[in-house]
file input.cif (mmCIF, C-alpha atoms)
data_query
loop_
_atom_site.label_atom_id
_atom_site.label_comp_id
_atom_site.auth_asym_id
_atom_site.auth_seq_id
_atom_site.Cartn_x
_atom_site.Cartn_y
_atom_site.Cartn_z
CA MET N 17 50.83 83.78 55.70
CA SER N 18 52.54 87.08 54.89
CA ILE N 19 56.28 87.60 54.56
CA GLU N 20 56.38 89.63 57.81
CA GLU N 21 54.60 86.86 59.69
CA ASN N 22 57.08 84.34 58.30
CA LYS N 23 59.98 86.49 59.51
CA ASP N 24 58.45 86.80 62.98
CA LYS N 25 57.90 83.04 63.08
CA LEU N 26 61.52 82.36 62.11
CA LYS N 27 62.78 84.76 64.78
CA GLU N 28 60.65 83.05 67.44
CA ASN N 29 61.99 79.67 66.35
CA GLU N 30 65.57 80.95 66.51
CA VAL N 31 65.02 82.33 70.02
CA GLU N 32 63.44 79.07 71.19
CA GLU N 33 66.26 77.02 69.69
CA LYS N 34 68.83 79.31 71.34
CA ILE N 35 67.12 78.83 74.72
CA PHE N 36 66.83 75.06 74.35
CA THR N 37 70.51 74.67 73.45
CA ALA N 38 71.85 77.13 76.05
CA SER N 39 73.66 75.98 79.17
CA GLN N 40 72.39 76.62 82.69
CA TRP N 41 74.85 79.48 83.22
CA GLN N 42 73.83 81.14 79.95
CA LEU N 43 70.18 81.07 81.00
CA VAL N 44 71.09 82.53 84.39
CA TRP N 45 73.13 85.31 82.76
CA TRP N 46 70.38 86.21 80.26
CA LYS N 47 67.78 86.44 83.00
CA PHE N 48 70.13 88.49 85.18
CA LEU N 49 70.56 91.02 82.36
CA ARG N 50 66.80 91.55 82.38
CA HIS N 51 67.02 92.80 85.97
CA LYS N 52 68.10 96.38 85.19
CA VAL N 53 68.52 97.50 88.80
CA ALA N 54 70.80 94.54 89.52
CA VAL N 55 72.90 95.32 86.43
CA ILE N 56 73.26 98.96 87.50
CA SER N 57 74.20 97.82 91.01
CA LEU N 58 76.85 95.51 89.58
CA ALA N 59 78.30 98.41 87.58
CA ILE N 60 78.42 100.61 90.71
CA LEU N 61 80.19 97.90 92.71
CA LEU N 62 82.71 97.35 89.92
CA VAL N 63 83.51 101.08 89.93
CA PHE N 64 83.94 101.04 93.72
CA TYR N 65 86.21 97.97 93.72
CA LEU N 66 88.31 99.21 90.79
CA SER N 67 88.70 102.57 92.54
CA ALA N 68 89.86 100.76 95.68
CA ILE N 69 92.39 98.69 93.72
CA PHE N 70 93.80 101.76 91.94
CA ALA N 71 93.35 104.11 94.91
CA GLU N 72 96.75 105.78 94.43
CA PHE N 73 95.86 106.69 90.85
CA ILE N 74 92.30 107.84 91.66
CA SER N 75 93.24 109.92 94.72
CA PRO N 76 94.64 113.38 93.98
CA TYR N 77 96.40 113.60 97.37
CA ASN N 78 98.08 111.41 99.94
CA PRO N 79 95.30 110.40 102.37
CA ASN N 80 97.59 110.88 105.38
CA LYS N 81 99.03 114.25 104.33
CA GLU N 82 98.05 116.95 106.83
CA ASP N 83 97.65 120.58 105.81
CA THR N 84 96.75 122.89 108.69
CA LEU N 85 95.98 125.73 106.25
CA TYR N 86 92.90 123.84 105.05
CA THR N 87 91.36 122.30 108.17
CA TYR N 88 87.61 121.66 107.87
CA CYS N 89 87.60 123.08 104.35
CA PRO N 90 84.22 122.59 102.61
CA PRO N 91 83.98 120.86 99.20
CA THR N 92 85.61 122.95 96.50
CA ARG N 93 83.38 124.52 93.88
CA ILE N 94 84.27 123.78 90.27
CA TYR N 95 83.64 126.38 87.57
CA PHE N 96 83.49 126.59 83.80
CA VAL N 97 82.61 130.30 83.55
CA ASP N 98 84.88 132.92 85.10
CA GLU N 99 84.08 136.38 86.52
CA SER N 100 84.13 138.04 83.09
CA GLY N 101 81.53 135.59 81.76
CA ARG N 102 84.04 133.73 79.61
CA PHE N 103 83.40 130.01 79.19
CA HIS N 104 86.32 127.59 79.54
CA LEU N 105 86.35 124.06 78.21
CA ARG N 106 88.63 123.05 81.07
CA PRO N 107 87.09 123.27 84.55
CA PHE N 108 88.88 125.39 87.12
CA VAL N 109 88.83 126.38 90.79
CA TYR N 110 89.61 129.63 92.55
CA LYS N 111 92.24 130.17 95.23
CA LEU N 112 90.95 129.56 98.76
CA ASP N 113 91.55 132.04 101.56
CA LYS N 114 90.71 131.41 105.22
CA ILE N 115 89.38 134.28 107.34
CA PHE N 116 88.02 134.57 110.88
CA ASP N 117 84.32 135.39 111.24
CA PRO N 118 83.85 137.58 114.39
CA LEU N 119 80.11 136.83 114.50
CA THR N 120 80.26 133.03 114.56
CA LEU N 121 83.82 132.83 115.92
CA ASN N 122 84.55 130.28 113.19
CA GLU N 123 87.10 130.23 110.42
CA ILE N 124 85.46 130.41 106.99
CA TYR N 125 86.83 129.99 103.50
CA THR N 126 86.42 132.53 100.73
CA GLU N 127 87.38 132.43 97.07
CA ASP N 128 89.95 134.78 95.61
CA ARG N 129 88.40 135.34 92.18
CA SER N 130 91.59 136.98 90.88
CA LYS N 131 93.42 133.63 90.91
CA LYS N 132 92.07 130.58 89.15
CA TYR N 133 93.69 127.21 88.66
CA PHE N 134 92.69 124.76 85.93
CA ILE N 135 91.96 121.12 86.66
CA LYS N 136 94.18 118.75 84.71
CA PHE N 137 93.42 115.14 83.92
CA LEU N 138 96.27 112.64 84.13
CA SER N 139 98.22 115.26 86.04
CA ARG N 140 101.45 114.86 87.93
CA GLY N 141 101.37 114.86 91.71
CA GLU N 142 102.86 113.02 94.64
CA PRO N 143 104.86 109.91 93.63
CA TYR N 144 103.50 106.49 94.58
CA LYS N 145 103.76 102.83 93.64
CA LEU N 146 100.78 101.59 91.66
CA LEU N 147 99.76 98.09 92.79
CA GLY N 148 102.79 98.14 95.06
CA PHE N 149 105.52 97.92 92.42
CA LEU N 150 104.99 100.41 89.55
CA SER N 151 106.56 103.77 90.46
CA THR N 152 104.79 106.80 88.97
CA ASP N 153 103.38 110.21 89.88
CA ILE N 154 100.41 110.32 87.49
CA HIS N 155 96.98 110.88 89.08
CA ILE N 156 93.64 110.77 87.32
CA PHE N 157 93.11 114.47 88.04
CA GLY N 158 94.76 117.33 89.87
CA VAL N 159 95.08 121.10 89.98
CA GLU N 160 97.93 123.03 88.48
CA GLY N 161 100.09 125.37 90.51
CA GLU N 162 99.11 126.19 94.09
CA GLY N 163 95.43 125.43 93.59
CA ARG N 164 93.54 122.97 95.78
CA LEU N 165 90.69 120.69 94.78
CA PHE N 166 88.86 119.04 97.67
CA LEU N 167 85.88 117.28 96.11
CA PHE N 168 84.45 116.24 99.49
CA GLY N 169 86.20 118.80 101.67
CA THR N 170 88.80 118.11 104.36
CA ASP N 171 88.81 116.84 107.94
CA LYS N 172 90.12 118.38 111.15
CA MET N 173 93.73 117.72 110.09
CA GLY N 174 93.32 119.20 106.63
CA ARG N 175 93.40 115.80 104.92
CA ASP N 176 91.49 115.39 101.67
CA LEU N 177 88.29 113.46 102.43
CA PHE N 178 87.84 112.18 98.87
CA SER N 179 91.29 110.57 98.90
CA ARG N 180 90.61 109.05 102.32
CA ILE N 181 87.26 107.62 101.17
CA VAL N 182 88.91 106.00 98.15
CA TYR N 183 91.64 104.47 100.32
CA GLY N 184 89.10 103.50 102.98
CA ALA N 185 87.21 101.47 100.38
CA ARG N 186 90.10 98.99 100.37
CA ILE N 187 89.37 97.86 103.92
CA SER N 188 85.59 98.38 103.99
CA LEU N 189 85.00 96.54 100.71
CA SER N 190 87.64 93.84 101.05
CA ILE N 191 86.59 92.87 104.57
CA GLY N 192 83.27 91.73 103.13
CA LEU N 193 84.93 89.54 100.51
CA VAL N 194 87.53 88.04 102.84
CA GLY N 195 84.96 87.51 105.58
CA ILE N 196 82.43 85.87 103.29
CA ALA N 197 85.14 83.57 101.88
CA ILE N 198 85.72 82.17 105.39
CA SER N 199 81.98 82.03 106.10
CA LEU N 200 81.43 80.30 102.75
CA PHE N 201 83.90 77.54 103.60
CA LEU N 202 82.47 77.00 107.08
CA GLY N 203 78.85 77.26 105.97
CA ILE N 204 79.19 74.79 103.08
CA LEU N 205 81.32 72.35 105.07
CA ILE N 206 79.20 72.32 108.23
CA GLY N 207 75.87 72.65 106.43
CA GLY N 208 76.86 69.96 103.94
CA ILE N 209 77.80 67.52 106.69
CA SER N 210 74.56 68.28 108.53
CA GLY N 211 72.32 67.78 105.52
CA TYR N 212 74.14 64.84 103.97
CA PHE N 213 74.63 62.64 107.03
CA GLY N 214 71.54 63.70 109.02
CA GLY N 215 70.66 61.89 112.26
CA THR N 216 72.54 62.80 115.43
CA THR N 217 75.12 64.83 113.50
CA ASP N 218 72.39 66.99 111.99
CA MET N 219 70.69 67.48 115.37
CA VAL N 220 73.90 68.59 117.13
CA ILE N 221 74.88 70.99 114.35
CA GLN N 222 71.41 72.54 114.19
CA ARG N 223 71.35 73.13 117.94
CA ILE N 224 74.73 74.90 117.67
CA ILE N 225 73.41 77.06 114.82
CA GLU N 226 70.28 77.93 116.81
CA PHE N 227 72.42 78.90 119.80
CA LEU N 228 74.65 81.17 117.69
CA SER N 229 71.64 82.71 115.97
CA SER N 230 70.00 83.53 119.31
CA ILE N 231 72.91 85.70 120.49
CA PRO N 232 72.52 89.45 119.73
CA THR N 233 75.00 90.15 116.98
CA LEU N 234 76.28 93.63 117.78
CA PRO N 235 76.97 93.07 121.52
CA LEU N 236 78.80 89.84 120.67
CA TRP N 237 80.88 91.61 118.01
CA MET N 238 81.72 94.33 120.53
CA ALA N 239 82.73 91.81 123.20
CA LEU N 240 84.97 89.85 120.85
CA SER N 241 86.55 92.94 119.29
CA VAL N 242 87.42 94.33 122.73
CA ALA N 243 89.30 91.09 123.37
CA LEU N 244 91.76 91.95 120.57
CA PRO N 245 95.08 93.20 122.00
CA SER N 246 95.35 96.98 121.79
CA GLN N 247 99.02 96.80 120.80
CA TRP N 248 98.30 94.82 117.62
CA PRO N 249 99.27 96.53 114.34
CA VAL N 250 96.63 97.51 111.79
CA ILE N 251 97.01 94.35 109.70
CA LYS N 252 96.47 92.02 112.66
CA VAL N 253 93.44 94.00 113.84
CA TYR N 254 92.03 93.89 110.30
CA PHE N 255 92.30 90.12 110.11
CA GLY N 256 91.06 89.79 113.69
CA ILE N 257 87.90 91.75 112.88
CA THR N 258 87.48 89.71 109.68
CA VAL N 259 87.71 86.41 111.56
CA ILE N 260 85.21 87.63 114.18
CA LEU N 261 82.69 88.62 111.50
CA SER N 262 83.27 85.35 109.62
CA LEU N 263 82.86 83.04 112.62
CA LEU N 264 79.46 84.58 113.29
CA GLY N 265 78.31 84.78 109.68
CA TRP N 266 78.25 81.14 108.57
CA PRO N 267 75.02 79.79 110.23
CA GLY N 268 72.68 81.28 107.61
CA LEU N 269 74.59 79.78 104.69
CA ALA N 270 74.91 76.48 106.57
CA ARG N 271 71.14 76.21 106.84
CA VAL N 272 70.66 76.93 103.14
CA THR N 273 73.26 74.28 102.27
CA ARG N 274 71.68 71.77 104.65
CA GLY N 275 68.25 72.20 103.08
CA LYS N 276 69.61 71.73 99.57
CA PHE N 277 71.62 68.66 100.53
CA MET N 278 68.62 67.04 102.21
CA SER N 279 66.53 67.52 99.06
CA LEU N 280 69.23 66.31 96.68
CA LYS N 281 70.94 63.44 98.49
CA GLU N 282 68.28 60.92 97.40
CA GLU N 283 68.46 61.90 93.72
CA ASP N 284 69.51 59.35 91.12
CA PHE N 285 72.83 61.03 90.28
CA VAL N 286 73.87 60.82 93.95
CA MET N 287 72.97 57.14 94.13
CA ALA N 288 74.92 56.53 90.91
CA ALA N 289 77.97 58.27 92.42
CA LYS N 290 77.74 56.08 95.53
CA LEU N 291 77.45 52.89 93.45
CA SER N 292 80.47 53.91 91.39
CA GLY N 293 82.57 54.07 94.59
CA ALA N 294 82.83 57.85 95.01
CA SER N 295 83.87 59.00 98.47
CA GLU N 296 81.58 61.07 100.68
CA LEU N 297 83.65 64.24 100.21
CA ARG N 298 83.68 63.76 96.44
CA ILE N 299 79.90 63.39 96.39
CA ILE N 300 79.49 66.55 98.46
CA PHE N 301 81.94 68.82 96.63
CA VAL N 302 81.82 67.41 93.08
CA HIS N 303 78.22 66.23 92.65
CA LEU N 304 76.01 68.08 95.15
CA LEU N 305 77.53 71.56 95.36
CA PRO N 306 77.58 72.32 91.61
CA SER N 307 73.85 71.63 91.43
CA PHE N 308 73.03 74.83 93.35
CA TYR N 309 75.98 77.13 92.73
CA SER N 310 73.62 79.90 91.65
CA HIS N 311 71.80 79.80 95.01
CA ILE N 312 75.12 79.94 96.87
CA ILE N 313 76.22 82.97 94.83
CA ALA N 314 72.97 84.77 95.61
CA SER N 315 73.29 83.97 99.34
CA ILE N 316 76.89 85.21 99.38
CA THR N 317 75.93 88.48 97.68
CA LEU N 318 73.21 89.11 100.25
CA SER N 319 75.60 88.30 103.15
CA ILE N 320 78.42 90.69 102.19
CA PRO N 321 76.54 93.87 103.29
CA GLY N 322 76.30 92.45 106.80
CA MET N 323 80.08 92.10 106.94
CA ILE N 324 80.60 95.66 105.69
CA LEU N 325 78.09 97.08 108.17
CA GLY N 326 79.71 95.06 110.97
CA GLU N 327 83.15 96.55 110.36
CA THR N 328 81.70 100.04 109.92
CA SER N 329 79.72 99.79 113.16
CA LEU N 330 82.66 98.52 115.22
CA SER N 331 85.05 101.13 113.83
CA PHE N 332 82.47 103.89 114.32
CA LEU N 333 82.06 102.88 117.96
CA GLY N 334 85.84 102.82 118.43
CA LEU N 335 85.99 99.05 118.93
CA GLY N 336 87.22 98.03 115.49
CA LEU N 337 89.96 99.55 113.38
CA GLN N 338 91.70 102.63 114.72
CA PRO N 339 93.74 105.40 113.08
CA PRO N 340 96.11 105.36 111.24
CA ALA N 341 94.00 102.67 109.54
CA ILE N 342 91.58 104.14 107.01
CA SER N 343 88.12 102.66 106.56
CA TRP N 344 84.69 104.15 106.10
CA GLY N 345 83.86 103.35 109.71
CA VAL N 346 87.01 105.10 110.94
CA LEU N 347 86.15 108.16 108.82
CA LEU N 348 82.63 108.28 110.24
CA LYS N 349 84.06 108.62 113.76
CA ASP N 350 84.78 112.26 112.91
CA ALA N 351 81.04 112.79 112.44
CA GLN N 352 80.10 111.68 115.98
CA SER N 353 80.08 115.21 117.37
CA ILE N 354 76.85 117.13 116.76
CA HIS N 355 78.75 120.42 116.82
CA THR N 356 81.26 119.22 114.24
CA LEU N 357 78.54 117.73 112.06
CA ALA N 358 76.48 120.94 112.17
CA ASN N 359 79.42 123.01 110.94
CA CYS N 360 80.99 120.37 108.66
CA PRO N 361 78.16 118.23 107.20
CA TRP N 362 80.46 116.85 104.50
CA LEU N 363 82.06 114.58 107.11
CA ILE N 364 78.99 112.32 106.82
CA ILE N 365 79.78 111.56 103.15
CA PRO N 366 81.50 108.20 103.97
CA GLY N 367 78.15 107.05 105.34
CA ALA N 368 76.60 107.67 101.92
CA PHE N 369 79.15 105.34 100.35
CA VAL N 370 78.32 102.67 102.94
CA ALA N 371 74.61 103.04 102.14
CA ILE N 372 75.16 102.91 98.36
CA THR N 373 77.36 99.81 98.68
CA VAL N 374 74.90 97.97 100.92
CA LEU N 375 71.95 98.82 98.65
CA SER N 376 73.92 97.77 95.57
CA PHE N 377 74.78 94.40 97.09
CA ASN N 378 71.14 93.87 98.11
CA PHE N 379 69.83 94.72 94.64
CA LEU N 380 72.53 92.55 93.07
CA GLY N 381 71.57 89.69 95.38
CA ASP N 382 67.90 90.07 94.42
CA GLY N 383 68.85 89.92 90.74
CA LEU N 384 71.02 86.84 91.24
CA ARG N 385 68.35 85.14 93.32
CA ASP N 386 65.78 85.66 90.55
CA ALA N 387 68.26 84.57 87.88
CA ALA N 388 69.09 81.44 89.87
CA ASP N 389 65.78 80.01 88.63
CA PRO N 390 65.93 80.87 84.92
CA TYR N 391 62.76 78.90 84.07
CA SER N 392 60.47 80.92 86.36
CA LYS N 393 58.43 83.79 84.96
#
call {"tool": "encode", "arguments": {"input": "input.cif", "output": "structure tokens"}}
result
Amino acid sequence: MSIEENKDKLKENEVEEKIFTASQWQLVWWKFLRHKVAVISLAILLVFYLSAIFAEFISPYNPNKEDTLYTYCPPTRIYFVDESGRFHLRPFVYKLDKIFDPLTLNEIYTEDRSKKYFIKFLSRGEPYKLLGFLSTDIHIFGVEGEGRLFLFGTDKMGRDLFSRIVYGARISLSIGLVGIAISLFLGILIGGISGYFGGTTDMVIQRIIEFLSSIPTLPLWMALSVALPSQWPVIKVYFGITVILSLLGWPGLARVTRGKFMSLKEEDFVMAAKLSGASELRIIFVHLLPSFYSHIIASITLSIPGMILGETSLSFLGLGLQPPAISWGVLLKDAQSIHTLANCPWLIIPGAFVAITVLSFNFLGDGLRDAADPYSK
């Protein structure tokens, strides 16, 4: 046997030994890393959630600041080469002027090429409190002087759409996490009781789940959201919508939990726990649940997009959150008019963020579901 063959043999032995001695979570993580699309999706979601947490720092403008001089302004063009052909390392924008077009009877924006403003990173702007307590005025980027940089354009009130999308991510992304936390508790508790005890308890719970699953989701969401008092503040409406989505989102997870409990409750480790005097709740939460954590994580990841789409749909239809609350669904309400959308197509950009988030969660869920069984091919 040659030296190269010996080296290859030793490497294979090292890999096999590493696999045999690895924990269950290590095997799951290694297999997840092999799912490239899921890893990319995880990176995208991390960027979105970090941007939502540090929205004040990421946003160049106050999302509620109105500027009537820049209503329905299209996305600003960014340049590196000026009119004379000179290249600049720092990107810049030109001054925007608004004129009236007598042919279309619309106001259009033109660039004054005689005035350019450089984009600065870590620039000073409007003061804010980072994370609610750290006072500062540093933003990740901004424009010097009187220049304006609207990456995604502005709305009918002249508010920067990019800043509003970043702030809107706080509600649209967090409602999925908060909602799934409630659904997780209900699904595991009710599904665990159903699968562990069986008999009449299981039959009653399954009939309730079948009844809830048979009701059309969107009309039920609409009916329950309309029942929320109109005078409630934004925070109460937010939690009201979250509770509505959560109370209707637990049956799927409950059925998964029930099936796992029914297949595991006769295993030797469960019998040993019973003989040692462990209580029923201890057996459920300490012995049974940890045996399929990976499946629960995958189910949760695949359920979050439904929560996000639910909030977006209700807010888009005017039955969920209302201004001054900022969410992606609220922002999409501005794109309901065909006339507005034809003249200002950038108002549909929040919908792209909804689509990217939902796809990322679905791809991430697929990766976690495959990684949940690390011994499969």
call {"tool": "atom_distance", "arguments": {"input": "input.cif", "atom1": "CA of Thr152 in chain N", "atom2": "CA of Pro76 in chain N"}}
result
13.1 Å
call {"tool": "resolve_selection", "arguments": {"input": "input.cif", "expression": "the PyMOL selection byres ((chain N and resi 334) around 10)", "output": "number ranges by chain"}}
result
N: 238, 241-242, 328-333, 335-339, 345-346, 349
call {"tool": "write_last_selection", "arguments": {"input": "input.cif", "atoms": "C-alpha atoms", "output": "compact mmCIF listing (two decimals), in the coordinates of the input"}}
result
# COMPACT_ATOMS: atom_id res chain seq x y z
CA MET N 238 81.72 94.33 120.53
CA SER N 241 86.55 92.94 119.29
CA VAL N 242 87.42 94.33 122.73
CA THR N 328 81.70 100.04 109.92
CA SER N 329 79.72 99.79 113.16
CA LEU N 330 82.66 98.52 115.22
CA SER N 331 85.05 101.13 113.83
CA PHE N 332 82.47 103.89 114.32
CA LEU N 333 82.06 102.88 117.96
CA LEU N 335 85.99 99.05 118.93
CA GLY N 336 87.22 98.03 115.49
CA LEU N 337 89.96 99.55 113.38
CA GLN N 338 91.70 102.63 114.72
CA PRO N 339 93.74 105.40 113.08
CA GLY N 345 83.86 103.35 109.71
CA VAL N 346 87.01 105.10 110.94
CA LYS N 349 84.06 108.62 113.76
call {"tool": "closest_residue", "arguments": {"input": "input.cif", "among": "N:His311, N:Phe255, N:Leu347, N:Ile60", "to": "Asp386 in chain N", "atoms": "only C-alpha atoms"}}
result
N:His311
call {"tool": "atom_distance", "arguments": {"input": "input.cif", "atom1": "CA of Ile342 in chain N", "atom2": "CA of Tyr133 in chain N"}}
result
29.6 Å
call {"tool": "resolve_selection", "arguments": {"input": "input.cif", "expression": "the PyMOL selection byres ((chain N and resi 77) around 8)", "output": "compact mmCIF listing (two decimals) with C-alpha atoms, keeping the file's coordinate frame"}}
result
# COMPACT_ATOMS: atom_id res chain seq x y z
CA SER N 75 93.24 109.92 94.72
CA PRO N 76 94.64 113.38 93.98
CA ASN N 78 98.08 111.41 99.94
CA PRO N 79 95.30 110.40 102.37
CA LYS N 81 99.03 114.25 104.33
CA GLY N 141 101.37 114.86 91.71
CA GLU N 142 102.86 113.02 94.64
CA ASP N 176 91.49 115.39 101.67
CA SER N 179 91.29 110.57 98.90
call {"tool": "closest_residue", "arguments": {"input": "input.cif", "among": "N:Ile300, N:Arg180, N:Ala239, N:Leu228", "to": "Gly268 in chain N", "atoms": "all atoms listed in the file"}}
result
N:Leu228
call {"tool": "closest_residue", "arguments": {"input": "input.cif", "among": "N:Asn359, N:Gln42, N:Ser229, N:Asn80", "to": "Met173 in chain N", "atoms": "all atoms listed in the file"}}
result
N:Asn80
call {"tool": "residues_around", "arguments": {"input": "input.cif", "residues": "Pro306 in chain N", "least_positions_apart": "6", "cutoff": "12 Å", "atoms": "all atoms listed in the file", "output": "PDB file with C-alpha atoms, in the coordinates of the input"}}
result
ATOM      1  CA  GLN N  40      72.390  76.620  82.690  1.00  0.00           C
ATOM      2  CA  TRP N  41      74.850  79.480  83.220  1.00  0.00           C
ATOM      3  CA  ILE N 204      79.190  74.790 103.080  1.00  0.00           C
ATOM      4  CA  THR N 273      73.260  74.280 102.270  1.00  0.00           C
ATOM      5  CA  LYS N 276      69.610  71.730  99.570  1.00  0.00           C
ATOM      6  CA  PHE N 277      71.620  68.660 100.530  1.00  0.00           C
ATOM      7  CA  LEU N 280      69.230  66.310  96.680  1.00  0.00           C
ATOM      8  CA  ARG N 298      83.680  63.760  96.440  1.00  0.00           C
ATOM      9  CA  ILE N 299      79.900  63.390  96.390  1.00  0.00           C
ATOM     10  CA  ILE N 300      79.490  66.550  98.460  1.00  0.00           C
ATOM     11  CA  ILE N 312      75.120  79.940  96.870  1.00  0.00           C
ATOM     12  CA  ILE N 313      76.220  82.970  94.830  1.00  0.00           C
TER      13      ILE N 313
END
call {"tool": "resolve_selection", "arguments": {"input": "input.cif", "expression": "the PyMOL selection byres ((chain N and resi 250) around 12)", "output": "VMD selection string"}}
result
chain N and resid 187 244 to 249 251 to 257 336 to 343
call {"tool": "closest_residue", "arguments": {"input": "input.cif", "among": "N:Glu160, N:Asp350, N:Asp171, N:Asp284", "to": "Leu85 in chain N", "atoms": "all atoms listed in the file"}}
result
N:Asp171
call {"tool": "closest_residue", "arguments": {"input": "input.cif", "among": "N:Gly174, N:Gly163, N:Pro107, N:Pro143", "to": "Glu127 in chain N", "atoms": "all atoms listed in the file"}}
result
N:Gly163
call {"tool": "closest_residue", "arguments": {"input": "input.cif", "among": "N:Tyr183, N:Leu112, N:Val55, N:Phe48", "to": "Phe70 in chain N", "atoms": "all atoms listed in the file"}}
result
N:Tyr183
call {"tool": "atom_distance", "arguments": {"input": "input.cif", "atom1": "CA of Ile372 in chain N", "atom2": "CA of Ala351 in chain N"}}
result
18.2 Å
